[in-house]
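Listing of target_28.cif, mmCIF, C-alpha atoms and all ligand atoms
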```cif
data_entry
loop_
_atom_site.label_atom_id
_atom_site.label_comp_id
_atom_site.auth_asym_id
_atom_site.auth_seq_id
_atom_site.Cartn_x
_atom_site.Cartn_y
_atom_site.Cartn_z
CA MET O 1 1.05 -16.05 -17.21
CA ALA O 2 4.66 -15.23 -16.30
CA ILE O 3 4.77 -12.08 -14.19
CA GLU O 4 7.76 -10.39 -12.62
CA ILE O 5 7.34 -7.75 -9.90
CA VAL O 6 10.24 -5.44 -9.04
CA THR O 7 10.26 -3.33 -5.87
CA ILE O 8 12.05 -0.01 -6.40
CA PRO O 9 13.15 2.13 -3.45
CA CYS O 10 12.59 5.82 -4.27
CA LEU O 11 13.14 9.14 -2.48
CA GLN O 12 13.83 8.80 1.26
CA ASP O 13 11.65 5.81 2.07
CA ASN O 14 9.11 5.26 -0.74
CA PHE O 15 8.53 2.11 -2.77
CA CYS O 16 7.31 1.96 -6.36
CA PHE O 17 6.60 -1.33 -8.10
CA LEU O 18 7.02 -2.51 -11.66
CA ILE O 19 4.87 -5.38 -12.90
CA HIS O 20 6.10 -7.03 -16.10
CA ASN O 21 4.38 -9.63 -18.24
CA THR O 22 7.20 -11.60 -19.86
CA GLU O 23 4.93 -12.95 -22.61
CA SER O 24 3.27 -9.73 -23.76
CA GLN O 25 6.26 -7.54 -22.73
CA GLN O 26 3.83 -5.08 -21.10
CA THR O 27 5.03 -3.22 -18.00
CA ALA O 28 2.96 -1.39 -15.40
CA LEU O 29 4.25 0.98 -12.73
CA ILE O 30 2.47 1.46 -9.41
CA ASP O 31 3.02 5.09 -8.35
CA ALA O 32 5.70 7.39 -9.74
CA SER O 33 7.68 8.78 -6.81
CA GLU O 34 10.72 9.89 -8.80
CA ALA O 35 11.82 9.04 -12.32
CA ALA O 36 15.54 8.21 -12.03
CA PRO O 37 15.47 4.92 -10.06
CA ILE O 38 12.47 3.70 -12.08
CA GLN O 39 14.14 4.60 -15.38
CA ALA O 40 17.28 2.79 -14.25
CA VAL O 41 15.34 -0.45 -13.78
CA LEU O 42 13.46 -0.02 -17.07
CA ASP O 43 16.76 0.58 -18.90
CA ALA O 44 18.52 -2.35 -17.24
CA LYS O 45 15.63 -4.69 -18.07
CA GLY O 46 14.91 -3.26 -21.50
CA TRP O 47 11.28 -2.65 -20.55
CA THR O 48 8.86 0.01 -21.82
CA LEU O 49 6.10 1.38 -19.60
CA THR O 50 2.64 0.58 -20.91
CA ASP O 51 0.60 1.61 -17.83
CA VAL O 52 1.08 3.80 -14.76
CA LEU O 53 -1.37 3.17 -11.90
CA LEU O 54 -1.65 6.03 -9.39
CA THR O 55 -2.94 5.37 -5.87
CA HIS O 56 -3.39 8.94 -4.65
CA HIS O 57 -2.46 12.54 -5.29
CA HIS O 58 0.41 13.11 -2.84
CA TRP O 59 3.60 14.42 -4.48
CA ASP O 60 5.69 11.47 -3.32
CA HIS O 61 3.48 9.19 -5.46
CA ILE O 62 3.15 11.25 -8.66
CA ASP O 63 6.06 13.67 -9.11
CA GLY O 64 8.14 11.27 -11.20
CA LEU O 65 5.47 10.94 -13.87
CA PRO O 66 6.36 13.84 -16.23
CA ALA O 67 9.92 12.57 -16.77
CA LEU O 68 8.69 8.99 -17.26
CA ARG O 69 6.23 10.30 -19.85
CA ASP O 70 9.15 11.79 -21.75
CA ARG O 71 10.67 8.31 -22.00
CA ASP O 72 7.53 6.23 -22.75
CA THR O 73 3.87 6.87 -23.52
CA PRO O 74 2.04 4.88 -20.85
CA ARG O 75 -1.68 4.90 -20.21
CA VAL O 76 -2.17 6.67 -16.85
CA ILE O 77 -4.85 5.30 -14.53
CA GLY O 78 -6.17 6.91 -11.35
CA ALA O 79 -9.25 7.80 -9.33
CA GLY O 80 -11.78 9.85 -11.31
CA VAL O 81 -12.81 11.74 -8.16
CA ASP O 82 -9.21 12.97 -7.86
CA ALA O 83 -8.73 13.84 -11.55
CA HIS O 84 -8.50 17.54 -10.64
CA ARG O 85 -5.42 16.97 -8.50
CA LEU O 86 -3.76 14.05 -10.29
CA PRO O 87 -1.71 14.24 -13.49
CA PRO O 88 -3.87 13.94 -16.66
CA LEU O 89 -5.57 10.52 -16.62
CA ASP O 90 -6.22 8.27 -19.62
CA LEU O 91 -8.48 5.99 -17.58
CA GLU O 92 -10.53 7.25 -14.63
CA VAL O 93 -11.58 4.53 -12.21
CA ALA O 94 -13.71 4.15 -9.08
CA GLU O 95 -14.60 1.59 -6.39
CA GLY O 96 -15.56 -1.76 -7.91
CA ASP O 97 -14.20 -1.02 -11.39
CA HIS O 98 -12.29 -3.74 -13.22
CA PHE O 99 -9.64 -3.25 -15.87
CA GLU O 100 -6.64 -5.15 -17.19
CA THR O 101 -3.03 -4.11 -16.81
CA CYS O 102 -0.26 -6.25 -18.35
CA GLY O 103 -3.02 -8.76 -19.10
CA ILE O 104 -3.80 -9.03 -15.36
CA PRO O 105 -7.41 -8.50 -14.22
CA THR O 106 -7.34 -5.65 -11.70
CA GLN O 107 -10.01 -4.52 -9.29
CA VAL O 108 -10.24 -1.00 -7.88
CA ILE O 109 -10.92 -0.66 -4.15
CA ASP O 110 -11.66 2.77 -2.68
CA VAL O 111 -9.57 2.99 0.49
CA SER O 112 -10.19 6.60 1.47
CA GLY O 113 -8.81 7.73 4.81
CA HIS O 114 -5.18 8.79 4.31
CA THR O 115 -6.60 10.93 1.50
CA ILE O 116 -10.16 11.05 0.23
CA GLY O 117 -10.00 9.31 -3.15
CA HIS O 118 -7.08 7.00 -2.32
CA ILE O 119 -7.49 3.74 -4.24
CA ALA O 120 -5.88 0.30 -4.01
CA PHE O 121 -5.35 -2.11 -6.90
CA TYR O 122 -6.20 -5.76 -6.26
CA MET O 123 -5.02 -8.46 -8.68
CA PRO O 124 -6.46 -11.81 -7.54
CA GLN O 125 -4.80 -13.82 -10.32
CA ILE O 126 -1.32 -12.92 -9.02
CA LYS O 127 -2.48 -12.70 -5.36
CA ALA O 128 -1.32 -9.10 -4.96
CA ALA O 129 -2.82 -5.86 -3.64
CA PHE O 130 -1.11 -2.51 -4.05
CA THR O 131 -2.28 -0.51 -1.06
CA ALA O 132 0.20 2.44 -0.94
CA ASP O 133 -0.61 4.61 2.11
CA SER O 134 -3.81 2.85 3.19
CA LEU O 135 -2.90 -0.55 4.68
CA MET O 136 0.86 -0.42 5.27
CA ALA O 137 3.39 -2.87 6.67
CA LEU O 138 2.52 -3.01 10.39
CA GLY O 139 0.64 0.26 10.06
CA CYS O 140 -1.75 2.45 8.12
CA GLY O 141 -1.48 5.88 6.57
CA ARG O 142 -1.95 8.99 8.65
CA LEU O 143 -5.43 10.51 8.27
CA THR O 144 -4.39 13.65 6.38
CA GLU O 145 -7.85 14.17 4.82
CA GLY O 146 -10.21 11.44 5.96
CA THR O 147 -11.58 10.39 9.32
CA PRO O 148 -11.38 7.18 11.35
CA ASP O 149 -14.88 6.24 10.20
CA MET O 150 -13.60 6.33 6.60
CA MET O 151 -10.31 4.54 7.20
CA TRP O 152 -11.62 1.69 9.35
CA PRO O 153 -14.08 0.45 6.68
CA SER O 154 -11.35 0.90 4.04
CA LEU O 155 -9.04 -1.34 6.05
CA MET O 156 -11.85 -3.85 6.56
CA LYS O 157 -12.30 -4.13 2.77
CA LEU O 158 -8.62 -4.98 2.43
CA ARG O 159 -8.72 -7.35 5.40
CA ALA O 160 -11.49 -9.30 3.66
CA LEU O 161 -9.16 -10.27 0.78
CA PRO O 162 -7.73 -13.81 0.78
CA ASP O 163 -5.09 -14.44 3.48
CA ASP O 164 -2.37 -15.23 0.94
CA THR O 165 -2.68 -11.85 -0.81
CA ALA O 166 0.68 -10.06 -0.87
CA ILE O 167 0.28 -6.51 0.45
CA TYR O 168 2.51 -4.05 -1.40
CA SER O 169 2.54 -0.76 0.53
CA ALA O 170 4.42 2.38 -0.42
CA HIS O 171 6.86 3.24 2.39
CA GLU O 172 9.65 1.63 4.41
CA TYR O 173 8.07 2.46 7.77
CA SER O 174 8.28 -0.96 9.39
CA ALA O 175 10.80 0.03 12.08
CA SER O 176 8.78 2.95 13.46
CA ASN O 177 5.53 1.02 13.01
CA ALA O 178 7.00 -1.94 14.89
CA ALA O 179 8.22 0.30 17.73
CA PHE O 180 4.62 1.50 18.17
CA ALA O 181 2.90 -1.88 17.68
CA ILE O 182 4.99 -3.60 20.34
CA THR O 183 3.94 -1.02 22.95
CA LEU O 184 0.32 -2.10 22.37
CA GLU O 185 0.85 -5.86 22.24
CA PRO O 186 4.16 -6.68 23.93
CA LYS O 187 3.18 -10.35 24.24
CA ASN O 188 2.03 -10.94 20.63
CA ALA O 189 4.35 -13.79 19.54
CA ALA O 190 3.70 -13.27 15.81
CA LEU O 191 4.55 -9.59 16.21
CA ILE O 192 7.77 -10.34 18.08
CA SER O 193 9.01 -12.73 15.41
CA ARG O 194 7.98 -10.36 12.61
CA ILE O 195 9.98 -7.54 14.21
CA ASP O 196 13.05 -9.81 14.29
CA ALA O 197 12.59 -10.82 10.66
CA ASP O 198 12.08 -7.19 9.55
CA ALA O 199 15.20 -6.03 11.42
CA ASP O 200 17.14 -8.79 9.69
CA SER O 201 15.83 -7.65 6.26
CA ARG O 202 16.73 -4.03 6.93
CA ALA O 203 20.21 -5.02 8.11
CA LYS O 204 20.64 -6.70 4.72
CA ASN O 205 19.24 -3.62 2.99
CA LYS O 206 16.18 -5.55 1.81
CA PRO O 207 12.68 -3.98 1.68
CA THR O 208 10.25 -5.16 4.37
CA VAL O 209 7.39 -5.21 1.85
CA PRO O 210 5.44 -7.05 0.56
CA ASN O 211 3.90 -9.15 3.33
CA PRO O 212 1.06 -11.67 3.24
CA LEU O 213 -2.26 -10.35 4.49
CA SER O 214 -2.34 -13.20 7.04
CA LEU O 215 0.75 -11.69 8.70
CA GLU O 216 -0.80 -8.20 8.76
CA LYS O 217 -3.95 -9.64 10.35
CA ALA O 218 -1.87 -11.27 13.10
CA THR O 219 0.42 -8.32 13.80
CA ASN O 220 -0.83 -4.97 12.42
CA PRO O 221 -2.58 -3.09 15.24
CA PHE O 222 -4.76 -1.17 12.77
CA LEU O 223 -6.34 -4.42 11.54
CA ARG O 224 -6.85 -5.73 15.06
CA ALA O 225 -9.23 -3.21 16.64
CA ASP O 226 -12.02 -5.84 16.75
CA ASP O 227 -9.79 -8.73 17.91
CA PRO O 228 -10.53 -9.77 21.52
CA ALA O 229 -6.85 -10.36 22.35
CA PHE O 230 -5.89 -6.94 21.02
CA ARG O 231 -8.78 -5.17 22.75
CA ALA O 232 -7.79 -6.79 26.03
CA ALA O 233 -4.14 -5.83 25.50
CA VAL O 234 -5.04 -2.14 25.05
CA ASP O 235 -7.66 -2.25 27.80
CA MET O 236 -10.53 -1.18 25.51
CA GLU O 237 -12.80 -4.21 25.70
CA THR O 238 -15.96 -2.15 26.19
CA HIS O 239 -15.33 0.12 23.18
CA THR O 240 -16.50 -0.38 19.61
CA PRO O 241 -13.91 -1.45 17.00
CA LEU O 242 -14.16 2.02 15.42
CA GLU O 243 -13.43 3.66 18.78
CA VAL O 244 -10.45 1.36 19.31
CA PHE O 245 -9.15 2.09 15.82
CA ALA O 246 -9.58 5.86 16.26
CA ALA O 247 -7.82 5.76 19.64
CA ILE O 248 -4.76 3.88 18.42
CA ARG O 249 -4.53 5.97 15.23
CA ALA O 250 -4.53 9.12 17.42
CA ARG O 251 -1.88 7.60 19.69
CA LYS O 252 0.34 6.76 16.71
CA ASP O 253 0.10 10.37 15.49
CA VAL O 254 1.94 11.55 18.61
CA PHE O 255 4.17 8.49 19.13
ZN ZN O 301 0.44 9.79 0.84
FE FE O 302 3.21 8.49 0.67
#
```
Full structure transcribed into C-alpha cells:
Amino acid sequence: MAIEIVTIPCLQDNFCFLIHNTESQQTALIDASEAAPIQAVLDAKGWTLTDVLLTHHHWDHIDGLPALRDRDTPRVIGAGVDAHRLPPLDLEVAEGDHFETCGIPTQVIDVSGHTIGHIAFYMPQIKAAFTADSLMALGCGRLTEGTPDMMWPSLMKLRALPDDTAIYSAHEYSASNAAFAITLEPKNAALISRIDADADSRAKNKPTVPNPLSLEKATNPFLRADDPAFRAAVDMETHTPLEVFAAIRARKDVF
C-alpha cells in the first residue's frame, strides 16, 4: 500500500495531518483546525477528502470542518461519548473499535485526560499513532477535564505500542516542553541531543513532529514517571508512578 502523510501547520501552533492512499485515491484528515491551509494542500495535490477523524472536541481541532464540508463530503469519525459536543458524526467510535480509513486498518484508543472522551487513532500497518493532545512531543496535554489517574493510564496504553510507532501529536510545543523537561533531567543524554535536533528543525522551519515512540520513552518526562533514573533525578523514588506523574504535570502547569 502506498501511503503519503502530509503535516499541515494550522492556526498559531497546531498540526493537522492528511493521509493519502495513492492507489485508491482516498484521503483522510486528522483534526480540522482551520480550513484554508488544509484546502490549499488538497487543491495543490488534487485530493478529495474521504474521511475526517476527530480526536477531541476543542475548537482548535474541529472549527475548520464546516468549510471543508462545503468543499467535499467526507465521512466524519469521532468519539461517540462526545457526539453531543463534536460536529455531526457519521461514525461514532469507542475504545477498542476498529475501522478502515484510506484502506488502512485503524484502532481507536481512549486517551482521556486532556479531555474526557479524547481518542487516539493507531494504524499498525503504517506504524503511526495520531495522539493529538494526549501524548505530545516531549510532553502531554494539560488536564483540562480529566485527572492524573485518567491521563497516566492513557499514556501507558500509548507507551505499550511498538517502539517504532511514529507519534503524530497536534501542536508545535517542543521548545517549551524541552525547556521544562531539561529542568527535570539535566543529565539525560538522549534528551540533550533531542533538544539540539528539535532546535535545528525549528530553525529550518520544519515541524518537530512526528517522533518515534522509542524517542518519547527515552526523553518525555510524562512517560518516565516509573523509570528509576527519572525518579531519582526528580527525587521521588519513594512515590508511586501515578504520584510522580501528577507532581510533574502540576509543575508543568505553572512552569
Ligand atoms: Zn485540546
Ligand atoms: Fe489542541
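Neighbouring residues of ligand ZN 301 (chain O) at a cut-off of 7 Å, counting only C-alpha atoms and all ligand atoms, are His56, His58, Asp60, His114 and Asp133 of chain O.
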Using C-alpha atoms, can you write the selected residues to a file as a short mmCIF file (atom, residue, chain, number, x, y, z; two decimals), keeping the file's coordinate frame?
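Just written: part27.cif:
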```
data_model
loop_
_atom_site.label_atom_id
_atom_site.label_comp_id
_atom_site.auth_asym_id
_atom_site.auth_seq_id
_atom_site.Cartn_x
_atom_site.Cartn_y
_atom_site.Cartn_z
CA HIS O 56 -3.39 8.94 -4.65
CA HIS O 58 0.41 13.11 -2.84
CA ASP O 60 5.69 11.47 -3.32
CA HIS O 114 -5.18 8.79 4.31
CA ASP O 133 -0.61 4.61 2.11
#
```
Contacts with ligand FE 302 (chain O) at most 8 Å, only C-alpha atoms and all ligand atoms counted, listed as an mmCIF file with C-alpha atoms, in the coordinates of the input:
```
data_model
loop_
_atom_site.group_PDB
_atom_site.id
_atom_site.type_symbol
_atom_site.label_atom_id
_atom_site.label_comp_id
_atom_site.auth_asym_id
_atom_site.auth_seq_id
_atom_site.Cartn_x
_atom_site.Cartn_y
_atom_site.Cartn_z
ATOM 1 C CA ASN O 14 9.110 5.260 -0.740
ATOM 2 C CA HIS O 58 0.410 13.110 -2.840
ATOM 3 C CA TRP O 59 3.600 14.420 -4.480
ATOM 4 C CA ASP O 60 5.690 11.470 -3.320
ATOM 5 C CA HIS O 61 3.480 9.190 -5.460
ATOM 6 C CA ALA O 132 0.200 2.440 -0.940
ATOM 7 C CA ASP O 133 -0.610 4.610 2.110
ATOM 8 C CA GLY O 141 -1.480 5.880 6.570
ATOM 9 C CA ALA O 170 4.420 2.380 -0.420
ATOM 10 C CA HIS O 171 6.860 3.240 2.390
#
```
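Proximity of O:Ser193, O:Thr22, O:Thr115, O:Thr55 to Met151 (chain O), computed with all atoms listed in the file, is greatest for O:Thr115.
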*Select, from O:Ala83, O:Val111, O:Val76, O:Val6, the residue with the minimum atom-to-atom distance to Trp47 (chain O), counting only C-alpha atoms.*
O:Val6
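Take CA of Ala199 (chain O) and CA of Leu215 (chain O): the distance between them is 15.8 Å.
Atom to atom, CA of Pro162 (chain O) and CA of Ala129 (chain O) stand 10.3 Å apart.
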Enclose region 129-138 of chain O, meaning all of its atoms listed in the file, in a box aligned along x, y and z, pad it by 3 Å on each side, and list the centre and edge lengths in Å to one decimal, as lines of an AutoDock Vina configuration file.
```
center_x = -0.2
center_y = -0.6
center_z = 3.2
size_x = 13.2
size_y = 16.5
size_z = 20.4
```
